[in-house]
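File shown: data.tsv (TSV, C-alpha atoms).
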```tsv
chain	number	residue	atom	x	y	z
A	1	MET	CA	128.32	-30.08	20.72
A	2	GLY	CA	130.79	-32.95	20.50
A	3	ALA	CA	130.29	-36.54	19.37
A	4	THR	CA	126.92	-37.93	20.41
A	5	GLU	CA	127.40	-41.53	19.24
A	6	MET	CA	130.33	-43.87	18.72
A	7	TRP	CA	129.97	-46.98	16.61
A	8	LEU	CA	132.83	-49.25	17.64
A	9	VAL	CA	133.41	-52.06	15.15
A	10	ARG	CA	135.80	-54.96	15.34
A	11	HIS	CA	137.42	-55.67	11.96
A	12	GLY	CA	136.11	-58.58	9.93
A	13	GLU	CA	137.65	-62.02	10.24
A	14	SER	CA	141.30	-61.97	9.19
A	15	VAL	CA	143.41	-64.70	7.65
A	16	ALA	CA	145.45	-64.80	10.87
A	17	ASN	CA	142.27	-65.27	12.94
A	18	VAL	CA	141.61	-68.48	11.02
A	19	ILE	CA	145.20	-69.73	11.25
A	20	ALA	CA	145.51	-68.91	14.97
A	21	THR	CA	142.26	-70.66	15.86
A	22	ALA	CA	143.30	-73.77	13.94
A	23	ALA	CA	146.71	-73.77	15.66
A	24	GLN	CA	145.13	-73.45	19.12
A	25	GLU	CA	142.67	-76.26	18.43
A	26	ALA	CA	145.44	-78.52	17.09
A	27	GLY	CA	147.61	-77.95	20.15
A	28	ASP	CA	150.39	-76.37	18.08
A	29	LEU	CA	153.03	-74.24	19.76
A	30	THR	CA	153.35	-71.57	17.08
A	31	ILE	CA	151.05	-69.70	14.71
A	32	GLU	CA	152.42	-69.76	11.17
A	33	VAL	CA	151.46	-66.43	9.60
A	34	ASP	CA	153.25	-64.97	6.57
A	35	TRP	CA	152.64	-61.31	7.41
A	36	ARG	CA	153.60	-58.99	10.21
A	37	ASP	CA	150.56	-58.19	12.34
A	38	ALA	CA	150.00	-54.79	10.72
A	39	ASP	CA	149.73	-56.36	7.25
A	40	VAL	CA	147.36	-59.29	7.89
A	41	PRO	CA	144.45	-59.09	5.40
A	42	LEU	CA	140.80	-60.06	5.73
A	43	SER	CA	139.72	-63.59	4.93
A	44	PRO	CA	136.96	-64.09	2.32
A	45	THR	CA	134.51	-64.42	5.24
A	46	GLY	CA	135.87	-61.18	6.68
A	47	GLU	CA	135.18	-59.38	3.40
A	48	GLN	CA	131.59	-60.66	3.45
A	49	GLN	CA	131.24	-59.50	7.05
A	50	ALA	CA	132.50	-56.02	6.13
A	51	ALA	CA	129.95	-55.76	3.32
A	52	ALA	CA	127.19	-56.81	5.72
A	53	LEU	CA	128.39	-54.12	8.12
A	54	GLY	CA	127.92	-51.60	5.32
A	55	ARG	CA	124.30	-52.70	5.01
A	56	TRP	CA	123.89	-52.13	8.78
A	57	ILE	CA	125.34	-48.62	8.50
A	58	ALA	CA	122.98	-47.74	5.65
A	59	GLU	CA	119.94	-49.14	7.46
A	60	HIS	CA	120.71	-47.38	10.75
A	61	ALA	CA	121.07	-43.85	9.45
A	62	HIS	CA	118.20	-42.91	11.80
A	63	TYR	CA	120.75	-43.12	14.62
A	64	GLY	CA	122.69	-40.46	12.73
A	65	ALA	CA	124.79	-41.25	9.66
A	66	PRO	CA	128.51	-41.19	10.49
A	67	THR	CA	130.00	-37.72	10.20
A	68	THR	CA	133.53	-39.01	10.84
A	69	SER	CA	135.25	-42.36	10.41
A	70	TRP	CA	138.43	-43.61	12.04
A	71	SER	CA	140.42	-46.80	11.53
A	72	SER	CA	143.23	-48.66	13.19
A	73	SER	CA	146.37	-48.47	11.08
A	74	TYR	CA	146.32	-52.26	10.61
A	75	LEU	CA	145.32	-53.51	7.16
A	76	ARG	CA	142.43	-55.70	8.29
A	77	ALA	CA	140.73	-52.70	9.91
A	78	ARG	CA	141.37	-50.41	6.94
A	79	GLN	CA	139.94	-53.02	4.58
A	80	THR	CA	136.87	-53.48	6.79
A	81	ILE	CA	135.97	-49.81	6.89
A	82	ALA	CA	136.64	-49.29	3.17
A	83	ILE	CA	134.39	-52.20	2.16
A	84	ALA	CA	131.68	-51.18	4.64
A	85	LEU	CA	131.53	-47.53	3.58
A	86	GLU	CA	131.40	-48.50	-0.09
A	87	ALA	CA	128.57	-50.96	0.62
A	88	ALA	CA	126.74	-48.25	2.58
A	89	GLY	CA	127.07	-45.80	-0.31
A	90	ILE	CA	129.04	-43.33	1.80
A	91	THR	CA	131.96	-41.37	0.39
A	92	MET	CA	134.12	-40.27	3.27
A	93	ARG	CA	137.80	-39.94	4.03
A	94	THR	CA	138.69	-42.30	6.86
A	95	ARG	CA	141.32	-41.06	9.26
A	96	VAL	CA	143.86	-43.74	10.17
A	97	ASP	CA	145.26	-43.60	13.69
A	98	GLU	CA	147.94	-45.92	15.08
A	99	ARG	CA	146.54	-45.42	18.61
A	100	LEU	CA	143.68	-47.71	17.54
A	101	ARG	CA	146.00	-50.58	16.58
A	102	ASP	CA	145.78	-53.99	18.22
A	103	ARG	CA	147.55	-54.77	21.46
A	104	GLU	CA	151.20	-55.65	20.83
A	105	LEU	CA	152.26	-59.02	22.27
A	106	GLY	CA	156.04	-58.67	22.06
A	107	VAL	CA	157.92	-61.94	22.57
A	108	LEU	CA	154.61	-63.83	22.83
A	109	ASP	CA	153.54	-62.87	19.30
A	110	LEU	CA	152.76	-65.87	17.07
A	111	LEU	CA	152.69	-68.28	20.02
A	112	THR	CA	149.64	-70.25	21.10
A	113	ALA	CA	148.82	-70.61	24.79
A	114	ALA	CA	150.68	-73.92	24.72
A	115	GLY	CA	153.62	-72.23	23.01
A	116	VAL	CA	153.85	-69.58	25.72
A	117	GLU	CA	153.97	-72.30	28.38
A	118	GLU	CA	156.62	-74.19	26.41
A	119	PHE	CA	158.96	-71.37	25.40
A	120	HIS	CA	158.35	-68.76	28.12
A	121	PRO	CA	157.19	-70.56	31.30
A	122	ASP	CA	158.36	-67.67	33.51
A	123	GLU	CA	156.24	-65.24	31.50
A	124	ALA	CA	153.26	-67.59	31.63
A	125	ALA	CA	153.53	-67.65	35.43
A	126	ARG	CA	153.99	-63.88	35.58
A	127	ARG	CA	150.89	-63.15	33.49
A	128	ARG	CA	148.81	-65.51	35.64
A	129	TRP	CA	149.99	-63.62	38.72
A	130	LEU	CA	149.47	-60.10	37.34
A	131	GLY	CA	146.32	-60.78	35.31
A	132	LYS	CA	145.71	-59.57	31.79
A	133	PHE	CA	145.02	-55.92	32.65
A	134	TYR	CA	148.50	-55.18	34.00
A	135	TYR	CA	150.63	-57.96	32.47
A	136	ARG	CA	153.03	-56.57	29.86
A	137	PRO	CA	154.98	-59.17	27.84
A	138	PRO	CA	158.58	-58.19	27.06
A	139	GLY	CA	158.46	-55.91	24.03
A	140	GLY	CA	154.67	-55.73	24.18
A	141	GLU	CA	151.81	-53.95	25.91
A	142	SER	CA	149.44	-54.51	28.79
A	143	TRP	CA	145.77	-53.64	28.57
A	144	ALA	CA	146.60	-50.65	30.76
A	145	ASP	CA	149.09	-49.47	28.12
A	146	VAL	CA	146.42	-49.71	25.42
A	147	ALA	CA	144.00	-47.78	27.65
A	148	LEU	CA	146.45	-44.87	27.76
A	149	ARG	CA	146.48	-44.51	23.99
A	150	ILE	CA	142.70	-44.78	23.82
A	151	ARG	CA	142.39	-41.96	26.37
A	152	SER	CA	144.64	-39.87	24.13
A	153	PHE	CA	142.51	-40.72	21.08
A	154	LEU	CA	139.28	-39.80	22.89
A	155	HIS	CA	140.73	-36.45	23.92
A	156	ASP	CA	141.46	-35.58	20.29
A	157	MET	CA	138.14	-36.97	19.07
A	158	ASP	CA	136.24	-34.84	21.58
A	159	ALA	CA	138.10	-31.75	20.38
A	160	ASP	CA	137.43	-32.33	16.67
A	161	ASP	CA	134.33	-34.48	16.05
A	162	ASP	CA	130.60	-34.18	16.46
A	163	GLY	CA	127.55	-36.29	15.64
A	164	THR	CA	128.15	-40.00	14.99
A	165	VAL	CA	131.71	-41.30	14.88
A	166	LEU	CA	132.54	-44.67	13.27
A	167	VAL	CA	135.62	-46.44	14.63
A	168	VAL	CA	137.00	-49.75	13.30
A	169	ALA	CA	139.57	-51.38	15.55
A	170	HIS	CA	140.22	-54.63	17.45
A	171	ASP	CA	138.55	-56.66	20.19
A	172	ALA	CA	140.81	-55.66	23.11
A	173	VAL	CA	140.68	-52.04	21.97
A	174	ILE	CA	136.87	-52.06	21.98
A	175	MET	CA	136.82	-53.65	25.44
A	176	LEU	CA	139.06	-50.84	26.67
A	177	PHE	CA	136.82	-48.19	25.12
A	178	LEU	CA	134.10	-49.64	27.38
A	179	TYR	CA	136.46	-49.60	30.36
A	180	ILE	CA	137.15	-45.89	29.88
A	181	CYS	CA	133.80	-44.61	28.62
A	182	ASP	CA	131.65	-46.61	31.05
A	183	GLU	CA	134.08	-45.90	33.91
A	184	LEU	CA	134.56	-49.56	34.82
A	185	SER	CA	136.97	-50.86	37.44
A	186	GLU	CA	139.62	-53.47	36.59
A	187	ASP	CA	137.51	-56.23	38.14
A	188	GLU	CA	134.35	-55.10	36.35
A	189	LEU	CA	136.14	-55.09	33.00
A	190	LEU	CA	137.71	-58.50	33.53
A	191	ASP	CA	134.45	-60.06	34.72
A	192	PHE	CA	132.67	-58.61	31.69
A	193	SER	CA	135.33	-59.88	29.28
A	194	LEU	CA	135.01	-63.42	30.67
A	195	THR	CA	131.39	-63.65	29.53
A	196	HIS	CA	131.26	-61.28	26.52
A	197	VAL	CA	133.00	-61.58	23.17
A	198	VAL	CA	133.59	-58.85	20.60
A	199	THR	CA	132.71	-60.79	17.46
A	200	ASN	CA	134.21	-59.94	14.09
A	201	ALA	CA	132.39	-57.08	12.31
A	202	SER	CA	130.10	-56.56	15.31
A	203	VAL	CA	128.90	-53.09	16.34
A	204	THR	CA	129.10	-51.69	19.86
A	205	ARG	CA	127.15	-48.42	20.23
A	206	LEU	CA	128.01	-45.82	22.84
A	207	VAL	CA	125.77	-42.77	23.20
A	208	ARG	CA	125.71	-39.41	25.01
A	209	PRO	CA	122.95	-37.18	23.61
A	210	SER	CA	124.42	-34.02	25.13
A	211	GLY	CA	127.66	-34.42	23.21
A	212	GLU	CA	129.75	-34.31	26.38
A	213	GLY	CA	130.30	-36.17	29.63
A	214	ARG	CA	129.93	-39.87	30.31
A	215	TRP	CA	129.07	-42.35	27.57
A	216	GLN	CA	126.36	-45.01	27.96
A	217	VAL	CA	126.45	-48.44	26.33
A	218	ALA	CA	123.42	-48.73	24.04
A	219	ALA	CA	124.42	-52.04	22.44
A	220	PHE	CA	127.33	-54.45	22.75
A	221	ALA	CA	128.73	-56.50	19.88
A	222	GLU	CA	125.57	-56.54	17.77
A	223	HIS	CA	125.94	-58.89	14.82
A	224	GLU	CA	122.37	-59.43	13.65
A	225	HIS	CA	123.33	-57.85	10.32
A	226	LEU	CA	125.47	-60.93	9.67
A	227	ASP	CA	122.71	-63.35	10.59
A	228	GLU	CA	120.18	-61.56	8.38
A	229	LEU	CA	122.42	-61.91	5.33
A	230	ASP	CA	123.44	-65.48	6.22
A	231	VAL	CA	127.05	-64.38	6.74
A	232	GLU	CA	129.03	-66.39	9.27
A	233	ALA	CA	129.54	-64.65	12.63
A	234	THR	CA	133.02	-65.44	13.95
A	235	GLU	CA	134.36	-65.17	17.50
A	236	HIS	CA	138.10	-65.67	17.12
A	237	PRO	CA	139.78	-64.48	20.33
A	238	GLY	CA	142.23	-61.83	19.24
A	239	ASP	CA	143.91	-61.53	22.63
A	240	HIS	CA	145.98	-64.48	23.85
A	241	ASP	CA	145.22	-63.55	27.45
A	242	ALA	CA	141.47	-63.83	27.00
A	243	ALA	CA	141.13	-66.44	29.73
A	244	ILE	CA	143.55	-64.78	32.16
A	245	HIS	CA	141.75	-62.91	34.94
```
Hey, can you dump this file as structure tokens for me?
Amino acid sequence: MGATEMWLVRHGESVANVIATAAQEAGDLTIEVDWRDADVPLSPTGEQQAAALGRWIAEHAHYGAPTTSWSSSYLRARQTIAIALEAAGITMRTRVDERLRDRELGVLDLLTAAGVEEFHPDEAARRRWLGKFYYRPPGGESWADVALRIRSFLHDMDADDDGTVLVVAHDAVIMLFLYICDELSEDELLDFSLTHVVTNASVTRLVRPSGEGRWQVAAFAEHEHLDELDVEATEHPGDHDAAIH
């Protein structure tokens, strides 16, 4: 029998989430972050969210305590899973996999939507024409590119893991897990993403009791564990193309 459950978790709020949201709201052209994307740490709120996630993991062992844990190679994801497992009282080696990293934005990295229009108007027009699933910024990735690495990850996970698998990654990555596992079309995925947000430290549960075949979505972006502990639930859009259909 292979994996029967996947718990897909978006990392807790990062320092860059806060800075990027403030820059967008202020109408700035650039996002002033002192780290490369892979090294951005959690904010204090993100650390609280990760601890609350650990409480959720401990309280939902009846679903099947995680037998395996995976993390994006980015620091904010590794911090989230480390804090959560410690809070849950689980000692487990987390496997880090670069295929779970966030979508790479290439020349558009550290630009707000206004900054893209200002500095790369041709690219802004091209991404509106192609839509966010197939648009690939120079030096970056499309959602379709990210889907390819997730398919590769799922192939290896199916070969090695069983029971409940915990995965901590990023919002676009989790959306693309749904695209693959729920066998969505491009239009279905884009329509869903327009009205659903993967909140920080939320849990999306996919299940397949037989351990093989198609996954079913049991829950999307649950974050009641944050509300119960009076921890702020944050919805920072991690993908600059969030509004591009």
Nearest to Ala3 (chain A), restricted to all atoms listed in the file and choosing among A:Glu47, A:Asp156, A:Glu86, A:Glu212, comes out as A:Glu212
Write out as a ChimeraX atom specification which residues come within 9 Å of region 27-41 of chain A when counting all atoms listed in the file, dropping same-chain ones fewer than 2 positions away.
/A:13-16,19-25,43,46,73-77,79,101-102,104,109-119
Nearest to Phe153 (chain A), restricted to only C-alpha atoms and choosing among A:His170, A:Arg99, A:Arg128, A:His196, comes out as A:Arg99
As JSON, please report the centre and edge lengths, rounded to one decimal in Å, of the axis-aligned box that holds all listed atoms of region 223-233 of chain A with 5 Å of padding on each of the six sides.
```
{"center_x": 124.9, "center_y": -62.1, "center_z": 10.1, "size_x": 19.4, "size_y": 18.5, "size_z": 19.5}
```
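Distances here use only C-alpha atoms; by that measure, the residue among A:Val231, A:Leu130, A:Ala201, A:Val217 closest to Leu184 (chain A) is A:Val217.
Minimum atom-to-atom distances from A:Arg55, A:Arg136, A:Ala169, A:Ala233 to Val96 (chain A) were compared using all atoms listed in the file, and the lowest value belongs to A:Ala169.
Our summary of the geometry notes that CA of Arg205 (chain A) is positioned 15.5 Å from CA of Glu183 (chain A).
Among the candidates A:Asp230, A:Asp158, A:Glu186, A:Glu123, the one nearest to Trp215 (chain A) when counting all atoms listed in the file is A:Asp158.
The interatomic distance for the pair CA of His60 (chain A) and CA of Leu166 (chain A) works out to 12.4 Å.
Using all atoms listed in the file, the nearest neighbour of Pro137 (chain A) within the list A:Arg151, A:Arg214, A:Arg103, A:His236 is A:Arg103.
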Just want the 12 Å neighbourhood of Ser185 (chain A), counted on all atoms listed in the file, with same-chain residues fewer than 5 positions away dropped. Output as a PyMOL selection string.
chain A and resi 133+144+176+178-180+190-192
